[in-house]
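> Sharing protein.tsv below, TSV, C-alpha atoms:
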```tsv
chain	number	residue	atom	x	y	z
R	291	MET	CA	209.30	149.65	143.60
R	292	TRP	CA	212.14	147.70	142.12
R	293	ALA	CA	214.09	148.34	138.95
R	294	SER	CA	213.70	146.02	136.03
R	295	ALA	CA	216.71	144.85	134.03
R	296	THR	CA	216.30	147.98	131.90
R	297	GLY	CA	215.91	150.32	134.85
R	298	GLU	CA	212.17	150.84	134.83
R	299	TYR	CA	210.34	151.30	138.10
R	300	ARG	CA	206.83	149.96	138.13
R	301	LEU	CA	203.95	150.36	140.55
R	302	SER	CA	200.76	148.42	140.32
R	303	PHE	CA	197.42	150.23	140.07
R	304	LEU	CA	196.59	149.32	143.68
R	305	GLN	CA	199.85	150.82	144.88
R	306	LEU	CA	199.24	154.02	142.95
R	307	TYR	CA	195.68	154.27	144.30
R	308	SER	CA	196.86	153.74	147.86
R	309	LEU	CA	199.65	156.28	147.47
R	310	SER	CA	197.21	158.88	146.18
R	311	CYS	CA	194.76	158.13	149.03
R	312	GLY	CA	197.53	158.62	151.56
R	313	ILE	CA	198.66	161.90	150.02
R	314	CYS	CA	195.08	163.21	149.78
R	315	HIS	CA	194.40	162.42	153.39
R	316	ARG	CA	197.56	164.18	154.55
R	317	LEU	CA	196.51	167.24	152.56
R	318	ILE	CA	193.03	167.13	154.15
R	319	MET	CA	194.54	166.90	157.61
R	320	CYS	CA	196.79	169.88	156.95
R	321	ALA	CA	193.78	171.90	155.76
R	322	TYR	CA	191.76	170.84	158.84
R	323	LYS	CA	194.45	171.97	161.23
R	324	SER	CA	194.71	175.34	159.55
R	325	THR	CA	191.02	176.21	160.03
R	326	ALA	CA	189.85	178.51	162.82
R	327	ALA	CA	189.39	177.08	166.31
R	328	LEU	CA	186.15	175.11	166.65
R	329	PRO	CA	183.51	176.30	169.16
R	330	CYS	CA	183.30	172.78	170.73
R	331	ALA	CA	185.81	170.08	171.71
R	332	PRO	CA	186.75	167.67	168.87
R	333	VAL	CA	185.40	164.10	168.91
R	334	LYS	CA	188.03	161.74	170.28
R	335	PHE	CA	188.74	158.01	169.99
R	336	LEU	CA	191.44	156.40	172.11
R	337	HIS	CA	192.36	159.86	173.38
R	338	LEU	CA	193.07	161.11	169.85
R	339	PRO	CA	190.82	163.14	167.58
R	340	VAL	CA	188.96	160.89	165.15
R	341	ALA	CA	190.44	162.69	162.16
R	342	THR	CA	193.97	162.03	163.47
R	343	MET	CA	193.18	158.34	164.05
R	344	LEU	CA	191.74	158.01	160.56
R	345	SER	CA	194.79	159.70	159.11
R	346	LEU	CA	197.13	157.37	160.99
R	347	VAL	CA	195.23	154.26	159.89
R	348	LEU	CA	195.14	155.31	156.25
R	349	SER	CA	198.82	156.27	156.27
R	350	PHE	CA	199.72	152.87	157.75
R	351	LEU	CA	197.67	151.03	155.13
R	352	THR	CA	199.31	153.07	152.40
R	353	PHE	CA	202.75	152.12	153.70
R	354	VAL	CA	201.87	148.40	154.00
R	355	ILE	CA	200.42	148.20	150.51
R	356	LEU	CA	203.36	150.07	148.99
R	357	VAL	CA	205.93	147.61	150.36
R	358	CYS	CA	204.01	144.42	149.57
R	359	ALA	CA	203.32	142.48	146.41
R	360	LYS	CA	205.06	144.57	143.80
R	361	THR	CA	205.40	143.93	140.09
R	362	VAL	CA	208.91	143.17	138.88
R	363	THR	CA	209.44	143.67	135.16
R	364	TYR	CA	212.25	142.57	132.89
R	365	ASP	CA	212.77	143.23	129.20
R	366	TRP	CA	214.85	140.46	127.66
R	367	GLU	CA	216.11	139.98	124.14
R	368	ILE	CA	217.40	136.45	123.59
R	369	THR	CA	220.45	136.53	121.35
R	370	TRP	CA	223.52	134.56	120.37
R	371	VAL	CA	226.70	135.72	122.07
R	372	THR	CA	230.21	134.30	122.30
R	373	ALA	CA	231.63	133.08	125.59
R	374	SER	CA	234.48	130.98	126.93
R	375	PRO	CA	233.76	130.09	130.56
R	376	ASP	CA	236.41	127.35	130.57
R	377	GLY	CA	238.80	128.81	128.02
R	378	PHE	CA	237.07	127.21	125.02
R	379	THR	CA	235.26	129.84	122.95
R	380	ARG	CA	231.86	128.86	121.65
R	381	PRO	CA	228.51	130.46	120.75
R	382	VAL	CA	226.07	130.59	123.66
R	383	ILE	CA	222.51	131.85	124.07
R	384	GLY	CA	222.49	135.01	126.15
R	385	ILE	CA	220.08	137.71	127.20
R	386	ASN	CA	220.41	141.34	126.14
R	387	GLY	CA	223.77	140.58	124.53
R	388	GLU	CA	225.33	139.19	127.69
R	389	TRP	CA	226.18	135.82	129.12
R	390	PRO	CA	225.86	134.53	131.88
R	391	CYS	CA	222.15	135.22	131.88
R	392	PRO	CA	220.89	137.62	134.54
R	393	THR	CA	219.60	136.65	137.96
R	394	VAL	CA	215.91	137.28	138.61
R	395	GLU	CA	215.22	138.47	142.16
R	396	VAL	CA	211.69	138.72	143.51
R	397	ASP	CA	209.81	138.34	146.78
R	398	VAL	CA	207.12	135.76	147.46
R	399	GLY	CA	203.80	136.90	146.03
R	400	ASP	CA	205.30	139.36	143.58
R	401	ARG	CA	204.06	139.55	140.05
R	402	LEU	CA	206.87	138.73	137.63
R	403	VAL	CA	206.52	140.17	134.14
R	404	VAL	CA	209.15	139.28	131.54
R	405	HIS	CA	208.89	140.67	128.01
R	406	VAL	CA	210.81	138.25	125.79
R	407	THR	CA	211.97	138.92	122.25
R	408	ASN	CA	213.48	136.04	120.30
R	409	SER	CA	216.42	137.42	118.31
R	410	LEU	CA	218.14	134.07	117.80
R	411	GLY	CA	217.28	134.01	114.12
R	412	ASN	CA	217.62	130.28	113.68
R	413	GLN	CA	215.70	128.80	116.60
R	414	SER	CA	212.39	129.25	118.34
R	415	THR	CA	212.48	129.47	122.11
R	416	SER	CA	210.60	129.83	125.37
R	417	LEU	CA	211.40	130.30	129.06
R	418	HIS	CA	210.46	127.70	131.64
R	419	TRP	CA	210.30	128.72	135.30
R	420	HIS	CA	211.44	125.54	136.95
R	421	GLY	CA	209.81	124.99	140.34
R	422	GLN	CA	207.01	127.53	139.93
R	423	ASN	CA	203.68	125.74	140.13
R	424	GLN	CA	201.93	128.26	137.81
R	425	ARG	CA	198.62	127.69	139.56
R	426	GLY	CA	196.01	129.39	137.39
R	427	THR	CA	198.65	130.29	134.78
R	428	PRO	CA	199.79	127.04	133.12
R	429	PHE	CA	200.27	128.92	129.85
R	430	MET	CA	203.18	130.79	131.48
R	431	ASP	CA	205.12	127.60	132.15
R	432	GLY	CA	207.28	127.88	129.06
R	433	THR	CA	206.82	124.28	127.93
R	434	SER	CA	206.72	124.88	124.21
R	435	GLY	CA	204.52	122.47	122.32
R	436	VAL	CA	202.75	121.56	125.56
R	437	ALA	CA	201.43	124.67	127.34
R	438	GLN	CA	202.40	127.32	124.82
R	439	CYS	CA	203.45	127.65	121.21
R	440	PRO	CA	207.20	128.27	120.90
R	441	ILE	CA	208.26	131.87	120.37
R	442	PRO	CA	209.39	131.98	116.71
R	443	PRO	CA	212.46	133.98	115.65
R	444	GLY	CA	211.64	137.69	115.60
R	445	SER	CA	208.54	137.33	117.81
R	446	HIS	CA	207.66	138.48	121.28
R	447	PHE	CA	206.01	136.90	124.30
R	448	THR	CA	205.27	138.26	127.76
R	449	TYR	CA	205.47	135.99	130.80
R	450	ASP	CA	203.23	137.28	133.58
R	451	PHE	CA	202.61	135.25	136.72
R	452	THR	CA	202.66	135.35	140.51
R	453	VAL	CA	205.79	133.96	142.09
R	454	LYS	CA	205.62	131.27	144.73
R	455	ALA	CA	208.22	130.53	147.37
R	456	ARG	CA	210.95	128.62	145.64
R	457	SER	CA	214.30	129.70	144.28
R	458	SER	CA	215.10	127.71	141.20
R	459	PRO	CA	216.66	127.94	137.76
R	460	TYR	CA	214.73	129.52	134.90
R	461	THR	CA	215.53	127.70	131.74
R	462	ARG	CA	214.48	127.05	128.27
R	463	THR	CA	212.17	124.13	128.53
R	464	HIS	CA	213.60	120.67	128.21
Z	54	MET	CA	215.66	121.73	121.68
Z	55	GLY	CA	217.90	121.81	124.73
Z	56	GLN	CA	218.74	125.48	124.73
Z	57	PHE	CA	219.57	125.64	128.39
Z	58	PRO	CA	222.77	123.56	127.98
Z	59	ASP	CA	223.64	126.14	125.31
Z	60	GLY	CA	223.53	128.83	127.99
Z	61	LEU	CA	219.92	130.02	128.27
Z	62	ARG	CA	219.53	129.48	132.04
Z	63	GLY	CA	219.91	131.47	135.21
Z	64	PRO	CA	218.84	131.73	138.84
Z	65	LEU	CA	215.36	132.80	139.91
Z	66	ILE	CA	215.78	133.91	143.52
Z	67	VAL	CA	212.61	134.18	145.59
Z	68	HIS	CA	212.99	135.99	148.90
Z	69	ASP	CA	210.63	134.79	151.61
Z	70	SER	CA	210.43	136.87	154.77
Z	71	ALA	CA	208.35	134.08	156.38
Z	72	ALA	CA	211.09	131.45	155.94
Z	73	PRO	CA	212.14	129.79	159.23
Z	74	PHE	CA	215.71	130.99	158.68
Z	75	ALA	CA	214.74	134.52	157.72
Z	76	GLY	CA	216.90	137.10	159.42
Z	77	LYS	CA	219.26	134.50	160.89
Z	78	TYR	CA	222.15	135.30	158.60
Z	79	ASP	CA	224.25	138.29	157.69
Z	80	LYS	CA	224.53	137.98	153.92
Z	81	GLU	CA	223.27	135.96	150.99
Z	82	LEU	CA	225.17	134.21	148.25
Z	83	THR	CA	223.98	132.43	145.13
Z	84	ILE	CA	226.09	129.70	143.59
Z	85	THR	CA	225.15	128.03	140.31
Z	86	LEU	CA	226.65	124.72	139.32
Z	87	SER	CA	226.54	123.29	135.86
Z	88	ASP	CA	228.12	120.89	133.49
Z	89	TRP	CA	229.27	122.42	130.24
Z	90	TYR	CA	229.67	121.19	126.68
Z	91	HIS	CA	231.91	122.50	123.94
Z	92	LYS	CA	229.58	121.34	121.17
Z	93	GLN	CA	226.16	122.86	120.66
Z	94	MET	CA	223.02	120.98	121.51
Z	95	PRO	CA	221.60	120.36	118.02
Z	96	GLU	CA	224.75	118.38	117.19
Z	97	LEU	CA	224.79	116.58	120.55
Z	98	LEU	CA	221.09	115.77	120.38
Z	99	GLY	CA	221.53	114.45	116.88
Z	100	SER	CA	224.24	112.03	117.91
Z	101	TYR	CA	222.46	111.10	121.17
Z	102	GLU	CA	219.23	110.21	119.39
Z	103	SER	CA	220.91	108.42	116.52
Z	104	THR	CA	220.39	104.76	115.77
Z	105	SER	CA	224.09	104.02	116.17
Z	106	ASN	CA	224.06	105.49	119.67
Z	107	ALA	CA	220.95	103.53	120.53
Z	108	ASN	CA	222.64	100.37	119.41
Z	109	ALA	CA	225.66	101.24	121.49
Z	110	GLY	CA	223.59	101.52	124.64
Z	111	GLY	CA	222.19	105.04	124.39
Z	112	GLN	CA	225.05	106.85	126.09
Z	113	GLU	CA	224.41	110.47	127.00
Z	114	PRO	CA	227.02	112.95	125.73
Z	115	VAL	CA	229.74	113.48	128.30
Z	116	PRO	CA	230.22	117.10	129.41
Z	117	ASP	CA	233.57	118.81	128.81
Z	118	ALA	CA	233.74	121.00	131.89
Z	119	ASN	CA	232.21	121.79	135.25
Z	120	LEU	CA	231.32	125.39	136.03
Z	121	ILE	CA	230.75	127.20	139.31
Z	122	ASN	CA	228.96	130.51	138.73
Z	123	ASP	CA	229.55	130.01	134.99
Z	124	SER	CA	233.31	129.99	135.31
Z	125	ILE	CA	236.13	127.65	136.23
Z	126	ASN	CA	237.98	130.37	138.14
Z	127	THR	CA	235.24	131.52	140.48
Z	128	GLN	CA	236.32	133.22	143.67
Z	129	ILE	CA	233.73	134.20	146.23
Z	130	PRO	CA	235.01	136.50	148.98
Z	131	VAL	CA	233.60	135.82	152.43
Z	132	GLU	CA	234.31	137.18	155.86
Z	133	PRO	CA	235.10	134.88	158.76
Z	134	GLY	CA	232.56	134.97	161.54
Z	135	LYS	CA	229.72	136.26	159.34
Z	136	SER	CA	226.92	133.87	158.55
Z	137	TYR	CA	225.84	133.37	154.95
Z	138	LEU	CA	222.71	131.97	153.38
Z	139	ILE	CA	224.06	130.18	150.34
Z	140	ARG	CA	221.61	129.22	147.63
Z	141	ILE	CA	223.11	126.48	145.49
Z	142	ILE	CA	221.38	125.82	142.20
Z	143	ASN	CA	222.25	123.11	139.75
Z	144	VAL	CA	221.55	124.70	136.37
Z	145	GLY	CA	223.25	121.89	134.50
Z	146	ASN	CA	221.91	119.51	131.95
Z	147	PHE	CA	222.99	116.06	132.94
Z	148	ALA	CA	225.39	115.85	135.84
Z	149	GLY	CA	224.35	115.82	139.45
Z	150	GLN	CA	226.68	117.69	141.74
Z	151	ALA	CA	227.79	116.96	145.28
Z	152	VAL	CA	228.88	120.10	147.11
Z	153	TYR	CA	230.87	120.62	150.21
Z	154	PHE	CA	232.68	123.59	151.68
Z	155	ASP	CA	236.10	122.36	152.60
Z	156	GLY	CA	236.90	123.18	156.20
Z	157	HIS	CA	233.74	125.18	156.91
Z	158	PRO	CA	230.57	124.08	158.67
Z	159	PHE	CA	227.38	124.26	156.68
Z	160	THR	CA	223.81	123.49	157.53
Z	161	ALA	CA	221.04	122.60	155.11
Z	162	VAL	CA	217.91	124.71	155.64
Z	163	GLU	CA	216.03	124.24	152.38
Z	164	VAL	CA	215.96	121.44	149.85
Z	165	ASP	CA	214.31	121.94	146.50
Z	166	GLY	CA	211.91	124.57	147.75
Z	167	VAL	CA	211.00	122.74	150.95
Z	168	TYR	CA	212.14	124.20	154.24
Z	169	VAL	CA	213.81	121.54	156.38
Z	170	ASP	CA	214.97	121.39	159.96
Z	171	ALA	CA	218.48	122.82	160.03
Z	172	THR	CA	220.76	119.84	159.50
Z	173	THR	CA	224.52	120.10	159.73
Z	174	LEU	CA	225.97	118.42	156.69
Z	175	ALA	CA	229.75	118.52	156.91
Z	176	PRO	CA	231.63	116.31	156.26
Z	177	ARG	CA	228.86	114.91	154.12
Z	178	THR	CA	227.99	116.60	150.87
Z	179	PHE	CA	224.91	118.36	149.56
Z	180	ALA	CA	223.77	116.37	146.54
Z	181	LEU	CA	221.96	118.26	143.80
Z	182	PRO	CA	220.56	116.68	140.64
Z	183	PRO	CA	220.07	118.98	137.65
Z	184	GLY	CA	217.34	121.52	138.27
Z	185	ASN	CA	217.43	121.27	142.02
Z	186	VAL	CA	218.27	123.91	144.53
Z	187	GLY	CA	219.33	123.86	148.11
Z	188	ALA	CA	220.08	126.52	150.66
Z	189	SER	CA	222.51	126.32	153.49
Z	190	LEU	CA	223.74	128.51	156.26
Z	191	SER	CA	227.47	128.72	156.67
Z	192	THR	CA	229.79	130.71	158.87
Z	193	PRO	CA	233.32	130.62	157.48
Z	194	ARG	CA	235.85	129.72	160.10
Z	195	THR	CA	239.23	131.32	159.84
Z	196	ARG	CA	240.76	134.55	158.68
Z	197	LEU	CA	242.64	132.68	155.97
Z	198	ALA	CA	239.55	130.93	154.75
Z	199	ARG	CA	239.39	131.19	151.00
Z	200	THR	CA	237.93	127.91	149.90
Z	201	LEU	CA	234.29	127.87	149.18
Z	202	PRO	CA	232.60	125.09	147.38
Z	203	SER	CA	234.30	122.05	146.05
Z	204	THR	CA	232.08	119.96	143.89
Z	205	GLN	CA	232.26	116.42	142.77
Z	206	ARG	CA	230.43	115.66	139.60
Z	207	SER	CA	228.54	112.47	139.23
Z	208	MET	CA	226.77	111.14	136.22
Z	209	SER	CA	224.31	108.36	136.47
Z	210	THR	CA	223.92	106.11	133.47
```
Please express the file's structure as structure tokens.


Amino acid sequence: MWASATGEYRLSFLQLYSLSCGICHRLIMCAYKSTAALPCAPVKFLHLPVATMLSLVLSFLTFVILVCAKTVTYDWEITWVTASPDGFTRPVIGINGEWPCPTVEVDVGDRLVVHVTNSLGNQSTSLHWHGQNQRGTPFMDGTSGVAQCPIPPGSHFTYDFTVKARSSPYTRTH
Amino acid sequence: MGQFPDGLRGPLIVHDSAAPFAGKYDKELTITLSDWYHKQMPELLGSYESTSNANAGGQEPVPDANLINDSINTQIPVEPGKSYLIRIINVGNFAGQAVYFDGHPFTAVEVDGVYVDATTLAPRTFALPPGNVGASLSTPRTRLARTLPSTQRSMST
């Protein structure tokens, strides 16, 4: 679970399902141990009762799935702001009222979801993820007029793709 | 439309636990380099694509400043003896940048998304055209070390 730029924590459906499986199995194991002593010896595998082994395996899988392949979500409003990085004040295009634009941090294989609202007023826009191959998702490439229609002023668009291993700049398409 | 020279650009950092240099450093840094214009892009594009400019040889507009981490007064504190993975991204429009860390050793480990055999670069520079990214490992030398990147801007015509 990682926070988005607006502080939201997101879990995918698979992560939620795995978490609930893990919790259910722990509850079952607690109930099993609290029952009266059995008249015969429990079935064992690798010197551990089968139920314990199953619980360990399911708990491990739950942990692995929870820490892998998360969804990272950002909510961005593209606006004009004023900045003077070298002492000369000029209008710049920022995100959520701030400039410099925020850094996106993800892990390989994560699903990146960016909800974009164009509040520029006088220009359409898009976001190009330079260096991402967008295999299977060319419409998320942000090349307006080529792979997507530009996002007109006042409109929204959601970028949703799987990230490959390459740090790079995200930019408005050139 | 050229909105990224007007400021709509930033780093997309992808962490890869399977990278050959994973775990071989103490901390991570991200450094963005860019050229910077005082005029906005619609005006610059208009003059660049004009007939008079075409007749004059089609000169690209010359940037007014060079920014490191979107500032001209960037200071990046580092600790001597600790190793850093430094991701250097050229988010500029036109100018390539040649980077070196004055007085500190640095080793290229990734070039434009491709992992490379660790290659010590100093005293040579790490050349980055616009849009490219490199990563290097660096261990600052001395207690008084306070210089990080120096960049030389180059513009091809």

> Choose the residue, out of R:Gly432, R:Gly411, R:Pro443, R:Gly384, that has the smallest atom-to-atom separation from chain Z; count only C-alpha atoms.

R:Gly384

> Could you list, as a PyMOL selection string, the residues of chain R having an atom within 10 Å of chain Z when counting only C-alpha atoms?

chain R and resi 368-371+373-385+389-400+413-422+434+453-464

> Do you know which residues are at most 9 Å from Z:Pro73 counting all atoms listed in the file, after dropping those on the same chain fewer than 5 positions away, and could you put them as a PyMOL selection string?

chain Z and resi 162+168-170

> Could you work out how far atom CA of Z:Thr160 lies from atom CA of Z:Phe74, giving the answer in Å with one decimal?

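Atom CA of Z:Thr160 lies 11.1 Å from atom CA of Z:Phe74.
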
> Point out the residue among Z:Asp88, Z:Leu174, Z:Ser100, Z:Pro95 with the least atom-to-atom distance to Z:Gln112, counting all atoms listed in the file.

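Among the listed residues, the smallest separation from Z:Gln112 belongs to Z:Ser100.
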
> Find the distance between atom CA of Z:Gly134 and atom CA of Z:Val152 and write it in Å to one decimal.

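Interatomic distance, atom CA of Z:Gly134 to atom CA of Z:Val152: 21.0 Å.
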
> Atom CA of Z:Lys135 and atom CA of Z:Lys80 are how many Å apart?

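Atom CA of Z:Lys80 lies at a distance of 7.7 Å from atom CA of Z:Lys135.
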